[in-house]
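Q: Next up is a structure, given as structure tokens.
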Amino acid sequence: MSERTKNSVEPATKLHDDFWNVPAICIRNLYFSYQKEPVLEQVNLDIYEKEFVSVVGPNGGGKTTLLKLILGLLQPQRGSILIFGEKSEKQREKIGYVPQHAQLDLSFPATVLEVVLMGLVHKRQWFSFSQLARRKAMDSLATVGLADFSKELFCHLSGGQRQRVLIARALVSQPKILLFDEPTAHVDTVAEKNLMDLLKQISRELTVVLVSHDLGFVSQYVDTVVCVNRMVQKHPTDALTGTMIQDLYRRSIEMVHHELSQPEEQHHHE
Amino acid sequence: MNEIWSAFTDPNFYFLRYAFFAGILASVSFGIVGSFVVTKNIVSLVGAIAHSVLAGVGCALFLNYRYHFTYITPFYGALIVSVLSAFILSFVSRYLTGRKDAIIGAIWAIGMAIGMIFMAYTPGYVDPMSYLFGSTLLITKSEIKKLIFLDLIIFLITLFYYPQLWAFCFDEEFARVRNIPVVFLSTLLLVMSAITVVMMMPMVGIILVLAQLSLPVLIAEQFVSRLSLVMLLSTVICMLASTTGLIGSYKLDLPAGPVIVLSSMTLYLIVAGCTLGVRVFRPIKRKE
């Protein structure tokens, strides 16, 4: 997005913020369990508009559960989740969701454009898609840099490209919030960097929440880190310290520094 | 060829004509529903529906011969029970956690058991083989009319719900996020498959129906890569297979159902062999 377009929308948003100051996602006293053991408890979390947030935590800590609760795919036993001040079922139109592409059935016969069009399907979608919908899908593909691939088969793309197609599918309905589940899983380091640059660019206009296990890498990009391990804590990225991470994972982890912009030979692990 | 044509036009071989038209008509539903079922990976669910249909057939025969409820023909019995078991399986597959596979398998067998018990209670001898493996002699003129009607229903439903069914089959979770009624759609899909299974019952029987549902789609998927085209092509392939199967069964004096299924299989093997050969000699290029 160019600077000019960003400036042109700013006054209106500012006004909105001053008047209402409603967080994009507001979670209060949330409690959730699949069986007896609570997966999440006493969760209080505010994510504001245009914030770029990473949700990190150990496996089984409740990251994906938190994401599904925000999406309204799961119902909390106690507590509330408000999206722009309303229940998430009513505000689903404002949420774009990017699942892990590894979970999809790749043998499904669909072209890239068709996958993106699925992002526009709604419950009153009959018969077919309009020309407008197709144009929107093409625009969305252009945003992620895959406009030339619209007629390719989804299963013929590489892992990183597939992830981009899914981002385009989430963007096509023009959501206010984008939720990602492990966007950089199963993607090599170069594709990972490209993907994060794309997300950074998107996050100038939208609230972006991404679940990630790779805190060291992601913290270079995001504004805030939400640590989820049954309890939830929110930190600005610059306030992150080694002890915090140690607390979170209950063991010291080596911060792996990726010099991604450099060629391969300079890539080093400390 | 002349011999077959003369048999086809011979008034005494009316059942051959009926079987031909039934095969052509049922293929439309098979192509459409089969594409959804195969891409959504619910062939085993549809298998359970197909086999439990025998309960409906048995019950209808029993009521017919015992209490002379002549308006309940095996066709209607099968239709009612198949739709019922579609609802049960939709519920089971959605709300029961764990061991769904085993429960589906159990429903599969229970339906057949109930059917056989009803048949045992039916006075006189009832041959379950014609329902299990199909019998072209079961096809009558009224059967053809019903097929046209059911084809129309399935075609219109698919046309109407196509984008939603399509999104649902590709990514159910995302469909839920988009507020698409996934519970309704999965039930709709199973009911549509139930109707389709009953349509083809006289031709290939309820056991062989699975092959005819999935093989044409598997063949079509080798050639085209869009769901709508897969539907179209698998319909044509299904028509081709049932026609060649019918001719083969007439020539070789064999039951039509198994010959139809084997002709589908032969087609599949030829196509799969060719595509395998093409892939070995010219690997797929991936755009970078």
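Chain lettering (A, B, ...) mirrors the order of the structure tokens, residue numbering begins at 1 for each chain separately, and ligand numbering begins at 1 in order of display.
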Give me, as a list in words, the residues of chain B touching chain A, with the criterion being at most 8 Å (counting only C-alpha atoms).

A: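 Close enough to count are Thr39, Leu159, Phe160, Tyr161, Tyr162, Pro163, Gln164, Ala167, Phe170, Asp171, Phe174, Ala175, Arg176, Val177, Arg178, Asn179, Ile180, Pro181, Glu221, Val224, Ser225, Arg226, Leu227, Arg286 and Lys287 of chain B.
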
Q: Create the file for the chosen residues now, containing N, CA and C atoms and written as a PDB file, in the first residue's frame.

A:
```
ATOM      1  N   THR B  39     -14.722 -35.904  -3.532  1.00  0.00           N
ATOM      2  CA  THR B  39     -13.839 -34.802  -3.127  1.00  0.00           C
ATOM      3  C   THR B  39     -13.954 -34.501  -1.640  1.00  0.00           C
ATOM      4  N   LEU B 159     -27.471 -27.008  -8.569  1.00  0.00           N
ATOM      5  CA  LEU B 159     -27.335 -25.720  -9.243  1.00  0.00           C
ATOM      6  C   LEU B 159     -27.493 -24.585  -8.238  1.00  0.00           C
ATOM      7  N   PHE B 160     -28.484 -24.735  -7.368  1.00  0.00           N
ATOM      8  CA  PHE B 160     -28.817 -23.694  -6.411  1.00  0.00           C
ATOM      9  C   PHE B 160     -27.728 -23.532  -5.357  1.00  0.00           C
ATOM     10  N   TYR B 161     -27.258 -24.648  -4.827  1.00  0.00           N
ATOM     11  CA  TYR B 161     -26.320 -24.597  -3.711  1.00  0.00           C
ATOM     12  C   TYR B 161     -24.866 -24.764  -4.139  1.00  0.00           C
ATOM     13  N   TYR B 162     -24.592 -24.718  -5.441  1.00  0.00           N
ATOM     14  CA  TYR B 162     -23.256 -25.074  -5.899  1.00  0.00           C
ATOM     15  C   TYR B 162     -22.109 -24.349  -5.181  1.00  0.00           C
ATOM     16  N   PRO B 163     -22.122 -23.010  -5.104  1.00  0.00           N
ATOM     17  CA  PRO B 163     -20.969 -22.351  -4.454  1.00  0.00           C
ATOM     18  C   PRO B 163     -20.795 -22.782  -3.002  1.00  0.00           C
ATOM     19  N   GLN B 164     -21.914 -22.937  -2.302  1.00  0.00           N
ATOM     20  CA  GLN B 164     -21.810 -23.291  -0.885  1.00  0.00           C
ATOM     21  C   GLN B 164     -21.339 -24.727  -0.698  1.00  0.00           C
ATOM     22  N   ALA B 167     -17.564 -24.823  -1.511  1.00  0.00           N
ATOM     23  CA  ALA B 167     -16.722 -24.296  -0.433  1.00  0.00           C
ATOM     24  C   ALA B 167     -16.723 -25.257   0.754  1.00  0.00           C
ATOM     25  N   PHE B 170     -14.405 -28.212   0.061  1.00  0.00           N
ATOM     26  CA  PHE B 170     -12.979 -27.889   0.041  1.00  0.00           C
ATOM     27  C   PHE B 170     -12.434 -27.645   1.437  1.00  0.00           C
ATOM     28  N   ASP B 171     -13.132 -26.864   2.223  1.00  0.00           N
ATOM     29  CA  ASP B 171     -12.599 -26.469   3.530  1.00  0.00           C
ATOM     30  C   ASP B 171     -13.765 -26.170   4.463  1.00  0.00           C
ATOM     31  N   PHE B 174     -13.316 -23.309   7.145  1.00  0.00           N
ATOM     32  CA  PHE B 174     -13.404 -21.970   6.571  1.00  0.00           C
ATOM     33  C   PHE B 174     -14.855 -21.640   6.231  1.00  0.00           C
ATOM     34  N   ALA B 175     -15.578 -22.641   5.735  1.00  0.00           N
ATOM     35  CA  ALA B 175     -16.992 -22.437   5.412  1.00  0.00           C
ATOM     36  C   ALA B 175     -17.763 -22.011   6.660  1.00  0.00           C
ATOM     37  N   ARG B 176     -17.422 -22.611   7.795  1.00  0.00           N
ATOM     38  CA  ARG B 176     -18.087 -22.221   9.048  1.00  0.00           C
ATOM     39  C   ARG B 176     -17.771 -20.783   9.405  1.00  0.00           C
ATOM     40  N   VAL B 177     -16.511 -20.401   9.202  1.00  0.00           N
ATOM     41  CA  VAL B 177     -16.122 -19.022   9.503  1.00  0.00           C
ATOM     42  C   VAL B 177     -16.884 -18.051   8.614  1.00  0.00           C
ATOM     43  N   ARG B 178     -17.195 -18.483   7.393  1.00  0.00           N
ATOM     44  CA  ARG B 178     -17.964 -17.644   6.472  1.00  0.00           C
ATOM     45  C   ARG B 178     -19.471 -17.709   6.735  1.00  0.00           C
ATOM     46  N   ASN B 179     -19.867 -18.305   7.863  1.00  0.00           N
ATOM     47  CA  ASN B 179     -21.287 -18.399   8.240  1.00  0.00           C
ATOM     48  C   ASN B 179     -22.123 -19.269   7.305  1.00  0.00           C
ATOM     49  N   ILE B 180     -21.481 -20.183   6.599  1.00  0.00           N
ATOM     50  CA  ILE B 180     -22.231 -21.082   5.726  1.00  0.00           C
ATOM     51  C   ILE B 180     -22.805 -22.203   6.592  1.00  0.00           C
ATOM     52  N   PRO B 181     -24.082 -22.562   6.395  1.00  0.00           N
ATOM     53  CA  PRO B 181     -24.698 -23.584   7.263  1.00  0.00           C
ATOM     54  C   PRO B 181     -24.145 -24.983   6.982  1.00  0.00           C
ATOM     55  N   GLU B 221     -11.220 -37.002 -12.851  1.00  0.00           N
ATOM     56  CA  GLU B 221     -10.224 -36.156 -12.179  1.00  0.00           C
ATOM     57  C   GLU B 221      -8.866 -36.187 -12.876  1.00  0.00           C
ATOM     58  N   VAL B 224      -9.683 -33.384 -16.003  1.00  0.00           N
ATOM     59  CA  VAL B 224     -10.090 -31.998 -15.758  1.00  0.00           C
ATOM     60  C   VAL B 224      -9.841 -31.635 -14.299  1.00  0.00           C
ATOM     61  N   SER B 225      -9.743 -30.329 -14.054  1.00  0.00           N
ATOM     62  CA  SER B 225      -9.310 -29.903 -12.730  1.00  0.00           C
ATOM     63  C   SER B 225     -10.251 -28.894 -12.099  1.00  0.00           C
ATOM     64  N   ARG B 226     -11.486 -28.869 -12.574  1.00  0.00           N
ATOM     65  CA  ARG B 226     -12.463 -28.017 -11.903  1.00  0.00           C
ATOM     66  C   ARG B 226     -13.649 -28.883 -11.547  1.00  0.00           C
ATOM     67  N   LEU B 227     -14.207 -28.617 -10.379  1.00  0.00           N
ATOM     68  CA  LEU B 227     -15.252 -29.504  -9.866  1.00  0.00           C
ATOM     69  C   LEU B 227     -16.430 -29.608 -10.828  1.00  0.00           C
ATOM     70  N   ARG B 286       6.623 -27.243 -12.375  1.00  0.00           N
ATOM     71  CA  ARG B 286       6.081 -26.352 -11.342  1.00  0.00           C
ATOM     72  C   ARG B 286       6.571 -24.948 -11.620  1.00  0.00           C
ATOM     73  N   LYS B 287       5.648 -24.032 -11.746  1.00  0.00           N
ATOM     74  CA  LYS B 287       6.030 -22.632 -11.985  1.00  0.00           C
ATOM     75  C   LYS B 287       6.722 -22.072 -10.769  1.00  0.00           C
TER      76      LYS B 287
END
```

Q: Against stretch 68-82 of chain B, which residues of stretch 182-272 of chain B fall within 12 Å? For each one I want the closest pair of atoms and the distance in Å (one decimal), counting only C-alpha atoms, rows by chain and increasing residue number, as a Markdown table.

A:
```
| residue | atom | partner | partner_atom | distance |
| --- | --- | --- | --- | --- |
| B:Leu190 | CA | B:Ser82 | CA | 9.3 |
| B:Val191 | CA | B:Ser82 | CA | 7.7 |
| B:Met192 | CA | B:Ser82 | CA | 9.8 |
| B:Ser193 | CA | B:Ser82 | CA | 8.9 |
| B:Ala194 | CA | B:Ser82 | CA | 5.2 |
| B:Ile195 | CA | B:Leu79 | CA | 6.4 |
| B:Thr196 | CA | B:Leu79 | CA | 9.4 |
| B:Val197 | CA | B:Ser82 | CA | 8.2 |
| B:Val198 | CA | B:Leu79 | CA | 6.1 |
| B:Met199 | CA | B:Phe75 | CA | 8.5 |
| B:Met200 | CA | B:Phe75 | CA | 10.6 |
| B:Met201 | CA | B:Phe75 | CA | 8.6 |
| B:Pro202 | CA | B:Phe75 | CA | 9.0 |
| B:Gly205 | CA | B:Ala78 | CA | 11.7 |
| B:Ile206 | CA | B:Ala78 | CA | 10.0 |
```

Q: Grab the residues selected above and save them as an mmCIF file, in the first residue's frame with C-alpha atoms.

A:
```cif
data_model
loop_
_atom_site.group_PDB
_atom_site.id
_atom_site.type_symbol
_atom_site.label_atom_id
_atom_site.label_comp_id
_atom_site.auth_asym_id
_atom_site.auth_seq_id
_atom_site.Cartn_x
_atom_site.Cartn_y
_atom_site.Cartn_z
ATOM 1 C CA LEU B 190 -25.899 -37.231 2.371
ATOM 2 C CA VAL B 191 -29.612 -37.105 1.480
ATOM 3 C CA MET B 192 -28.689 -36.439 -2.140
ATOM 4 C CA SER B 193 -26.331 -39.408 -2.098
ATOM 5 C CA ALA B 194 -29.049 -41.544 -0.513
ATOM 6 C CA ILE B 195 -31.442 -40.697 -3.339
ATOM 7 C CA THR B 196 -28.742 -41.399 -5.907
ATOM 8 C CA VAL B 197 -27.952 -44.786 -4.427
ATOM 9 C CA VAL B 198 -31.608 -45.808 -4.587
ATOM 10 C CA MET B 199 -31.827 -44.642 -8.199
ATOM 11 C CA MET B 200 -29.061 -46.959 -9.321
ATOM 12 C CA MET B 201 -30.185 -49.881 -7.144
ATOM 13 C CA PRO B 202 -31.966 -51.827 -9.908
ATOM 14 C CA GLY B 205 -27.394 -53.159 -6.799
ATOM 15 C CA ILE B 206 -26.683 -51.633 -3.419
#
```

Q: Using only C-alpha atoms, which protein or nucleic acid residues come within 6 Å of B:Pro216? Drop anything in the same chain fewer than 4 positions from it, and give the result as a JSON list (two decimals) with N, CA and C atoms, in the first residue's frame.

A:
```
[["chain", "number", "residue", "atom", "x", "y", "z"],
["B", 234, "SER", "N", -17.58, -36.94, -15.44],
["B", 234, "SER", "CA", -17.88, -38.20, -14.78],
["B", 234, "SER", "C", -19.28, -38.68, -15.12],
["B", 237, "ILE", "N", -18.78, -40.36, -18.42],
["B", 237, "ILE", "CA", -18.08, -41.63, -18.23],
["B", 237, "ILE", "C", -19.01, -42.67, -17.62],
["B", 238, "CYS", "N", -19.84, -42.23, -16.71],
["B", 238, "CYS", "CA", -20.79, -43.14, -16.06],
["B", 238, "CYS", "C", -21.79, -43.67, -17.10]]
```

Q: Using only C-alpha atoms, can you tell me which of A:Asp181, A:Cys26, A:Asp139, A:Gly159 comes closest to A:Glu49?

A: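 Among the listed residues, A:Cys26 lies closest to A:Glu49.
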
Q: Would you list, as number ranges by chain, the residues of stretch 109-182 of chain B that end up in alpha helix (DSSP H) under DSSP run on this structure's backbone?

A: B: 109-121, 129-133, 141-170, 172-177, 182

Q: What's around B:Glu3 at 12 Å? Count only C-alpha atoms, leave out sequence neighbours fewer than 3 positions away in its own chain, and write the answer as a ChimeraX atom specification.

A: /B:6-10,247,250-251

Q: With C-alpha atoms retained, write the just-selected residues as a short mmCIF file (atom, residue, chain, number, x, y, z; two decimals), in the first residue's frame.

A:
```cif
data_model
loop_
_atom_site.label_atom_id
_atom_site.label_comp_id
_atom_site.auth_asym_id
_atom_site.auth_seq_id
_atom_site.Cartn_x
_atom_site.Cartn_y
_atom_site.Cartn_z
CA SER B 6 -32.01 -55.52 -33.28
CA ALA B 7 -32.21 -56.71 -29.68
CA PHE B 8 -32.56 -53.09 -28.59
CA THR B 9 -35.49 -52.48 -30.91
CA ASP B 10 -37.08 -55.89 -30.33
CA ILE B 247 -24.01 -54.47 -23.99
CA TYR B 250 -26.18 -59.02 -23.07
CA LYS B 251 -23.41 -60.43 -25.27
#
```

Q: Would you mind listing what lies within 8 Å of stretch 112-116 of chain B as a PyMOL selection string, with only C-alpha atoms counted and same-chain residues fewer than 4 positions away left out?

A: chain B and resi 51-59+108+120+128

Q: Could you please write out, as a ChimeraX atom specification, every residue of stretch 49-114 of chain A that DSSP assigns to strand (DSSP E or B)?

A: /A:52-56,78-83,86-87,95-98,111

Q: Please produce a file of the residues just selected, as an mmCIF file, in the first residue's frame, where the atoms kept are N, CA and C atoms.

A:
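And here is the file that came out, again-v7.cif:
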```
data_model
loop_
_atom_site.group_PDB
_atom_site.id
_atom_site.type_symbol
_atom_site.label_atom_id
_atom_site.label_comp_id
_atom_site.auth_asym_id
_atom_site.auth_seq_id
_atom_site.Cartn_x
_atom_site.Cartn_y
_atom_site.Cartn_z
ATOM 1 N N PHE A 52 -0.322 -5.403 15.135
ATOM 2 C CA PHE A 52 0.247 -6.609 14.532
ATOM 3 C C PHE A 52 0.711 -7.482 15.696
ATOM 4 N N VAL A 53 -0.036 -8.536 15.945
ATOM 5 C CA VAL A 53 0.154 -9.315 17.160
ATOM 6 C C VAL A 53 0.579 -10.726 16.808
ATOM 7 N N SER A 54 1.520 -11.253 17.565
ATOM 8 C CA SER A 54 1.844 -12.665 17.412
ATOM 9 C C SER A 54 1.432 -13.400 18.677
ATOM 10 N N VAL A 55 0.786 -14.523 18.507
ATOM 11 C CA VAL A 55 0.411 -15.360 19.639
ATOM 12 C C VAL A 55 1.433 -16.481 19.717
ATOM 13 N N VAL A 56 2.176 -16.542 20.810
ATOM 14 C CA VAL A 56 3.207 -17.575 20.931
ATOM 15 C C VAL A 56 2.950 -18.402 22.183
ATOM 16 N N ARG A 78 -16.920 -19.966 30.104
ATOM 17 C CA ARG A 78 -17.178 -18.736 30.859
ATOM 18 C C ARG A 78 -16.493 -17.586 30.147
ATOM 19 N N GLY A 79 -16.971 -16.383 30.417
ATOM 20 C CA GLY A 79 -16.302 -15.211 29.876
ATOM 21 C C GLY A 79 -16.869 -14.785 28.533
ATOM 22 N N SER A 80 -16.321 -13.703 28.006
ATOM 23 C CA SER A 80 -16.881 -13.169 26.768
ATOM 24 C C SER A 80 -15.778 -12.787 25.785
ATOM 25 N N ILE A 81 -16.122 -12.875 24.523
ATOM 26 C CA ILE A 81 -15.238 -12.411 23.458
ATOM 27 C C ILE A 81 -16.038 -11.439 22.603
ATOM 28 N N LEU A 82 -15.569 -10.234 22.508
ATOM 29 C CA LEU A 82 -16.273 -9.257 21.690
ATOM 30 C C LEU A 82 -15.366 -8.812 20.545
ATOM 31 N N ILE A 83 -15.941 -8.820 19.344
ATOM 32 C CA ILE A 83 -15.233 -8.332 18.163
ATOM 33 C C ILE A 83 -15.863 -6.991 17.819
ATOM 34 N N GLU A 86 -19.041 -6.539 19.619
ATOM 35 C CA GLU A 86 -20.176 -7.440 19.441
ATOM 36 C C GLU A 86 -19.731 -8.889 19.467
ATOM 37 N N LYS A 87 -20.700 -9.788 19.629
ATOM 38 C CA LYS A 87 -20.399 -11.233 19.640
ATOM 39 C C LYS A 87 -19.768 -11.660 18.321
ATOM 40 N N ILE A 95 -13.858 -10.790 10.000
ATOM 41 C CA ILE A 95 -12.670 -11.582 10.301
ATOM 42 C C ILE A 95 -12.266 -12.395 9.078
ATOM 43 N N GLY A 96 -11.003 -12.318 8.732
ATOM 44 C CA GLY A 96 -10.462 -13.192 7.697
ATOM 45 C C GLY A 96 -9.636 -14.253 8.384
ATOM 46 N N TYR A 97 -9.717 -15.477 7.895
ATOM 47 C CA TYR A 97 -9.052 -16.574 8.578
ATOM 48 C C TYR A 97 -8.160 -17.324 7.602
ATOM 49 N N VAL A 98 -6.935 -17.570 8.001
ATOM 50 C CA VAL A 98 -5.998 -18.339 7.174
ATOM 51 C C VAL A 98 -5.586 -19.585 7.955
ATOM 52 N N THR A 111 -8.859 -24.435 -9.119
ATOM 53 C CA THR A 111 -7.793 -23.530 -9.545
ATOM 54 C C THR A 111 -7.568 -22.498 -8.444
#
```

Q: Tell me which protein, DNA and RNA residues are within 7 Å of A:Asn44, counting only C-alpha atoms, leaving out same-chain ones fewer than 6 positions away, and put them as a list of chain:residue names.

A: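 With the cut-off at 7 Å, the set is A:Ile27, A:Arg28, A:Asn29, A:Leu30.
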
Q: Just want the 8 Å neighbourhood of stretch 258-269 of chain B, counted on only C-alpha atoms, with same-chain residues fewer than 2 positions away dropped. Output as number ranges by chain.

A: B: 133, 204, 208, 211-212, 215-216, 218-219, 238, 241-246, 248-249, 254-256, 271-273
